Each structure stands twice: as structure tokens, then as C-alpha cells.
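*Asks:* Shown below is the structure under consideration.
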Amino acid sequence: MFSAMRVAGIAFCIAFLVVLITTSASAFRVTNRSGVKIHAWVPTGHRGNFDVRIHAGREESCHYSNKDCNRSGDPGSILEVWIDSDDSDSHFSAILPLEAGGEAIIKDEDRGRLGVNRKNIYVESWKRGNVLLAQTHYGIGATSRDVRFLVTGDPQYFKFNGEQRHRRESDAVFRAMVGQMSASECNYPRYLAGCKIRGMIVAGDLTQQAKGLEMDWYRDAITGAARFAYDGLGNHDYNGGTVKDYILRDRRRSTVATSVGDPHYSWDWHDVHLVQLNLFVGNNPVDSGDARYDPYHSLDFLRRDLRDNVGGSGRPVILIHHYGFDSFSRERVSGDIPRWWGDHHRWGYWDAIAGYNVKAIFNGHNHLGPESKEENWHLMWSEKGGKPIHTFNAAAALMGTFLEVKIDNNNLTVQRWGVKPGEAARTYGNPVTIPMR
């Protein structure tokens, strides 16, 4: 009698363990193997009940049959997992497909060999049977350099007497850019995970007057791709803090920030270091006395950023700001008083980047259509007898213009694109190729 009961008890325990193991294996799981705390959630219409903070080395899960997490109850159904870093300065965000019976794993990648202290965060999404469903970009994990991105500037969404100026033209540009990203071998286009095109850079003047409604129009234009938009301030964005707050404080991006200022930031795509410097490079407003146009100590930020994140590595650097090097950007109010930025700003800028491998600078401000001659949008800049640097005018979205940039081990190539509302985007002119040596 006792023996039979004992056997039955053991059998019950085994059955319970089988159920437990089966239940665990059938749950979707989010595992944090990175060194930072993360915030993860799975929306189900509204945000559902899977909304957790996960410390480094921990995991959280939800069984596929729990319809608060998975409405279908099917372990093979595909959900979305949203993941943000929960620290104050990496500003990382990702959205990936997640199988209801699968696992999302947050990892980090040591970039110490590049002299970068902050690790890169990336996410893998796995289906049952150890099948990779999707992943976000590695920072430098690839064996060869393959960096592609898009650049524009000056969408200048403009509310004027009830009219929506520039909206049709700028919307057409952003649709074309997001369309190119979505078509670039993404695992799931609506997630933009694993795309060959890393993101889109916007070189300022998101709005005409920094009004809330104008900012709403810009947000609408990049819906679904906001975490892939690396945007900055232009002079038209200075009427209030709406645009400035959005650029840095209110948004996270798909690439970990290497440095964060206010509103400046930098990041790495593979071994290429990129810096968003917003209006122009300097520590003080222009001499014309309009204190609104404050560069927010971007010169100091640039010096620190290059020192801390590039150092003596010699790796390629890309810089972005609004004012350029054309005659319009160099315009003077009168005499030696600059309208936009002055010679002393550019001299300080030149000194700050001396000794670094700056391959290209992208700017906006001067509105050029896609049919503009190359000598108008591709300028060489040099100060104090130094070796000239290639600069590219990426303005203006309101004129239907954007650039495509490809960087491999040998070359940096820039192709100019144009698009009109209701039409397909097409290339204009010949690409510009710069050796990466």
C-alpha cells in the first residue's frame, strides 16, 4: 500500500515537472544579457499586461496561452516586442517580431578595441527550434564595412494662414526614404529590423516656425521610422523648445549613443563615427546679436566626443550640422558681421577636427533642388592651408531632394535623389566617390 502510494507520488511529481517544462518552453521570453537595465513590452492593441523592467542578467516571460500577452493563443503567432534601454544616456530603442513561443535576447558588444567605452546594444529574436527570426544591427560586428544611410534637410513644415506649405513635397521625400529603408533586405519591413540602410539623417529645419502643429506634421512623416531618424536643429527650429526637446529628450534611436549632449549626440555605424552637431559648430551665438541662434557649445561637445570616442584610432568620421560652406551660409549682415556663422566659428571648428579622419560633412540650409549642378552641392572646405574636406548640401526636402550614402572598405559614395509628389524617386547626376584611404 505504502509502496503504491509512493510510486503514485513520484509519477505525479514527474508529470508536474513535464507540465512545468512544457509550459516554460512554450512561453515567449525576453532575456537581458546586456549590461544595462531594459524596458520591454508586447502591445496587444493597447499595451497589454507584459510591460516589464528587466535588470542585467534577468529574464521575464509570458505563456503563449495567456491572451493578455498573445490574443490568438497560438504559440506560432508573431507578436511585436518593444525594447528600450532604461538607462539615462544610451538612448537605445528597438521593435522586432517575436514568436509567441520564442525568445528575444538583448546583448551587448564590446567596442573597446575602437577606444569606445560604451558597449553597443543589439537584440535577437528567435523562433522555436533555434531559428533566428530577426535582429537589430551590430555596431562593429561585421568583418567588412558596409554602411548605408540617407540624408536630407529642411523639410520646413510650415503652417501659414491655415495652409500646409511644403508638406506635400517633404512628405514625398520621407515616403521615398522610408520606402528605400523598408526595401533594403529587411526581415520584416514594418519593423525595419536588419535593414541594409541604417537610418536617415535630417540636417535641421524640421519646421518653419517651431510650432506644435508643424512638429506634428514632421512626426507624421516619419511614423514607423522615428527611431531611425537622426535629426538636428536648424535656425527655423529655434522659436521655443518644441523641436529641441523632441530631438534628444523625447526619443530613443535604434543605435546606442556614444555621447549625449543637449541637443548634440553621436553614434557608430560599424567603425564609422557620426556626430549630429545641430545648427553649427561653435560655442557662442553669431556676432549679429541674435541670441536665439545658440549653438549650445557644439564646439566643446565635438572636441570631447572625438577625444573620447575616436582618439588616435584613425577611424572614419562623418559630421552633420545645418549651416554649410556655400556663399549663402557665409553671408554677412554688413561688413565683417556674419548673418549665420562667422569665420572664427569655422577656424575653431577646423582646429577641433585637425588630426582626425573626417571623410565628409553633411549640411542643409541652402535650398537646392535635385537637378542642381554638383559644384553647388558638393563643396571642398579648407582652413589655414589644411587638406580640404568634402562637404555635401543635403537640402532640401521641401525641394524634393535627398542623398544616398554608401561606405565600404574602399570608398564613400554619395548619390543625389529627387522625388515629386505622386511620382517615384529617381537619381540625378553621377555619384560622387571618395576613397576611404
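Naming scheme: A, B, ... for chains in displayed order of the C-alpha cells; residues 1 onward per chain; ligands 1 onward as shown.
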As a VMD selection string, please: every residue in stretch 71-230 of chain A that a backbone DSSP assignment puts in helix (DSSP H, G or I).
*Replies:* chain A and resid 112 to 114 167 to 182 212 to 221 226 to 228
*Asks:* Taking 5 positions as the minimum chain separation for residues in the same chain, which residues sit within 12 Å of A:Glu383 when counting only C-alpha atoms? Answer as a ChimeraX atom specification.
*Replies:* /A:325,343-354,388-389
*Asks:* Please, could you write that set of residues out with C-alpha atoms as a CSV table (one decimal), in the first residue's frame?
*Replies:*
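The resulting file, part-v5.csv, is reproduced below:
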```
chain,number,residue,atom,x,y,z
A,325,PHE,CA,30.1,76.3,-46.6
A,343,ASP,CA,35.0,82.8,-39.9
A,344,HIS,CA,36.1,82.5,-36.3
A,345,HIS,CA,33.5,79.7,-35.8
A,346,ARG,CA,34.9,77.8,-38.8
A,347,TRP,CA,38.5,78.4,-37.6
A,348,GLY,CA,37.7,76.9,-34.2
A,349,TYR,CA,35.9,74.0,-35.9
A,350,TRP,CA,38.9,73.4,-38.2
A,351,ASP,CA,41.2,73.3,-35.2
A,352,ALA,CA,38.9,70.8,-33.4
A,353,ILE,CA,39.0,68.2,-36.2
A,354,ALA,CA,42.6,68.6,-37.1
A,388,PRO,CA,40.3,70.0,-48.0
A,389,ILE,CA,37.3,68.1,-46.7
```
*Asks:* Quick one: pick out all strand (DSSP E or B) residues within stretch 331-373 of chain A from a backbone DSSP run and write them as a ChimeraX atom specification.
*Replies:* /A:332-334,337-338,358-363
*Asks:* Do a neighbour search on A:Asn410 at 8 Å with only C-alpha atoms, toss out local chain neighbours closer than 3 positions, and write the hits as an mmCIF file with C-alpha atoms, in the first residue's frame.
*Replies:*
```
data_model
loop_
_atom_site.group_PDB
_atom_site.id
_atom_site.type_symbol
_atom_site.label_atom_id
_atom_site.label_comp_id
_atom_site.auth_asym_id
_atom_site.auth_seq_id
_atom_site.Cartn_x
_atom_site.Cartn_y
_atom_site.Cartn_z
ATOM 1 C CA ILE A 407 30.547 53.404 -47.290
ATOM 2 C CA PRO A 435 38.475 56.983 -51.436
ATOM 3 C CA MET A 436 38.418 55.769 -47.824
ATOM 4 C CA ARG A 437 42.211 55.632 -47.635
#
```
*Asks:* Would you mind telling me which residue in A:Arg315, A:Arg71, A:His378, A:Arg253 lies nearest to A:Tyr356 when using only C-alpha atoms?
*Replies:*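 Among the listed residues, the smallest separation from A:Tyr356 belongs to A:Arg315.
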*Asks:* Just checking: using only C-alpha atoms, which residue out of A:Asp326, A:His137, A:Glu404, A:His91 ends up closest to A:Gly261?
*Replies:*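 Checking each candidate against A:Gly261, we get A:His91 as the closest.
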*Asks:* Taking a cut-off of 9 Å and counting only C-alpha atoms, can you build a table that, for each residue of stretch 195-253 of chain A near stretch 165-187 of chain A, reports the nearest atom pair and how far apart they are in Å (one decimal), sorted by chain then residue number, as a tab-separated table?
*Replies:*
```
residue	atom	partner	partner_atom	distance
A:Cys195	CA	A:Cys186	CA	4.2
A:Lys196	CA	A:Ser184	CA	5.2
A:Ile197	CA	A:Met181	CA	5.4
A:Arg198	CA	A:Met181	CA	7.7
A:Gly199	CA	A:Met181	CA	7.4
A:Met200	CA	A:Met177	CA	7.4
A:Trp217	CA	A:Arg167	CA	7.6
A:Tyr218	CA	A:Asp171	CA	8.3
A:Asp220	CA	A:Asp171	CA	8.8
A:Ala221	CA	A:Asp171	CA	5.7
A:Ile222	CA	A:Phe174	CA	6.6
A:Gly224	CA	A:Val178	CA	8.7
A:Ala225	CA	A:Val178	CA	7.0
```
*Asks:* Limited to C-alpha atoms, could you put the picked residues into a file as a PDB file, in the first residue's frame?
*Replies:*
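What landed in part.pdb:
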```pdb
ATOM      1  CA  CYS A 195      17.774  46.653 -42.993  1.00  0.00           C
ATOM      2  CA  LYS A 196      20.836  47.317 -45.105  1.00  0.00           C
ATOM      3  CA  ILE A 197      20.112  51.052 -44.864  1.00  0.00           C
ATOM      4  CA  ARG A 198      20.892  52.029 -41.270  1.00  0.00           C
ATOM      5  CA  GLY A 199      18.836  55.207 -40.982  1.00  0.00           C
ATOM      6  CA  MET A 200      18.063  58.669 -42.308  1.00  0.00           C
ATOM      7  CA  TRP A 217       3.398  67.055 -39.424  1.00  0.00           C
ATOM      8  CA  TYR A 218       7.073  66.104 -39.231  1.00  0.00           C
ATOM      9  CA  ASP A 220       3.558  62.036 -39.058  1.00  0.00           C
ATOM     10  CA  ALA A 221       6.013  61.971 -41.975  1.00  0.00           C
ATOM     11  CA  ILE A 222       8.449  59.661 -40.151  1.00  0.00           C
ATOM     12  CA  GLY A 224       7.160  53.949 -38.085  1.00  0.00           C
ATOM     13  CA  ALA A 225      10.745  55.088 -38.627  1.00  0.00           C
TER      14      ALA A 225
END
```
*Asks:* Expressed in Å to a single decimal, how great is the separation between atom CA of A:His39 and atom CA of A:Trp267?
*Replies:*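 The value is 21.0 Å.
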*Asks:* So what do you get for atom CA of A:Gln209 versus atom CA of A:Leu302, distance-wise?
*Replies:* 27.3 Å
*Asks:* Counting only C-alpha atoms, give me one row per residue of stretch 215-330 of chain A with an atom at most 8 Å from an atom of stretch 73-90 of chain A, showing the shortest contact pair and its distance in Å to one decimal, sorted by chain then residue number, as a Markdown table.
*Replies:*
```
| residue | atom | partner | partner_atom | distance |
| --- | --- | --- | --- | --- |
| A:Arg252 | CA | A:Asp84 | CA | 7.6 |
| A:Val256 | CA | A:Ser90 | CA | 5.2 |
| A:Ala257 | CA | A:Ser90 | CA | 5.1 |
| A:Thr258 | CA | A:Ser90 | CA | 7.2 |
| A:Ser259 | CA | A:Asp89 | CA | 8.0 |
| A:Val260 | CA | A:Asp89 | CA | 6.6 |
```
*Asks:* Give me, please, the distance in Å between atom CA of A:Pro431 and atom CA of A:Asn278, quoted to one decimal.
*Replies:*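 Those two atoms sit 25.9 Å apart.
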*Asks:* With only C-alpha atoms as the counted atoms, please give the residues lying no more than 10 Å from A:Thr207, apart from itself and same-chain residues fewer than 4 positions off, as a list of chain:residue names.
*Replies:*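 Surrounding residues, per the criterion: A:Asp154, A:Pro155, A:Gln156, A:Tyr157, A:Phe158, A:Lys159, A:His166, A:Lys211, A:Gly212, A:Leu213, A:Glu214, A:Met215, A:Asp216, A:Trp217, A:Tyr218, A:Leu233, A:Gly234, A:Asn235, A:His236, A:Asp237, A:Tyr238, A:Asn239, A:Val243.
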*Asks:* Save the residues we just selected, C-alpha atoms, as a short mmCIF file (atom, residue, chain, number, x, y, z; two decimals), in the first residue's frame?
*Replies:*
```
data_model
loop_
_atom_site.label_atom_id
_atom_site.label_comp_id
_atom_site.auth_asym_id
_atom_site.auth_seq_id
_atom_site.Cartn_x
_atom_site.Cartn_y
_atom_site.Cartn_z
CA ASP A 154 14.99 71.44 -44.48
CA PRO A 155 11.56 69.83 -44.72
CA GLN A 156 10.37 73.06 -43.03
CA TYR A 157 6.80 72.03 -42.37
CA PHE A 158 5.02 75.38 -42.45
CA LYS A 159 1.60 76.43 -41.14
CA HIS A 166 5.96 72.35 -48.03
CA LYS A 211 5.02 75.42 -33.93
CA GLY A 212 3.47 72.34 -32.39
CA LEU A 213 1.32 71.58 -35.43
CA GLU A 214 4.34 71.84 -37.74
CA MET A 215 6.17 69.40 -35.50
CA ASP A 216 3.18 67.07 -35.62
CA TRP A 217 3.40 67.06 -39.42
CA TYR A 218 7.07 66.10 -39.23
CA LEU A 233 18.09 71.70 -35.28
CA GLY A 234 18.12 74.39 -37.95
CA ASN A 235 17.64 78.12 -37.46
CA HIS A 236 13.89 77.84 -38.16
CA ASP A 237 13.53 75.39 -35.24
CA TYR A 238 14.51 77.98 -32.61
CA ASN A 239 11.12 79.51 -31.78
CA VAL A 243 11.86 70.76 -31.64
#
```
*Asks:* Neighbouring residues of A:Leu412 were defined as those with any atom within 9 Å, considering only C-alpha atoms; residues of the same chain fewer than 2 positions away were excluded. Please report them as a list in words.
*Replies:*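 Final neighbour list, sorted by chain and number: Lys359, Ala360, Val405, Lys406, Ile407, Asp408, Asn409, Asn410, Val414, Val432, Thr433, Ile434, Pro435 and Met436 of chain A.
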*Asks:* Okay, now the selection with C-alpha atoms, as a PDB file, in the first residue's frame?
*Replies:*
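Okay, this is what ended up in selection-v7.pdb:
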```
ATOM      1  CA  LYS A 359      35.674  61.895 -44.508  1.00  0.00           C
ATOM      2  CA  ALA A 360      32.578  64.048 -45.129  1.00  0.00           C
ATOM      3  CA  VAL A 405      25.439  57.416 -48.917  1.00  0.00           C
ATOM      4  CA  LYS A 406      27.308  54.107 -49.140  1.00  0.00           C
ATOM      5  CA  ILE A 407      30.547  53.404 -47.290  1.00  0.00           C
ATOM      6  CA  ASP A 408      32.574  50.222 -47.731  1.00  0.00           C
ATOM      7  CA  ASN A 409      36.208  49.352 -47.095  1.00  0.00           C
ATOM      8  CA  ASN A 410      37.380  51.261 -50.148  1.00  0.00           C
ATOM      9  CA  VAL A 414      27.142  59.888 -52.490  1.00  0.00           C
ATOM     10  CA  VAL A 432      30.495  61.262 -56.097  1.00  0.00           C
ATOM     11  CA  THR A 433      33.107  58.758 -54.913  1.00  0.00           C
ATOM     12  CA  ILE A 434      35.689  59.474 -52.205  1.00  0.00           C
ATOM     13  CA  PRO A 435      38.475  56.983 -51.436  1.00  0.00           C
ATOM     14  CA  MET A 436      38.418  55.769 -47.824  1.00  0.00           C
TER      15      MET A 436
END
```
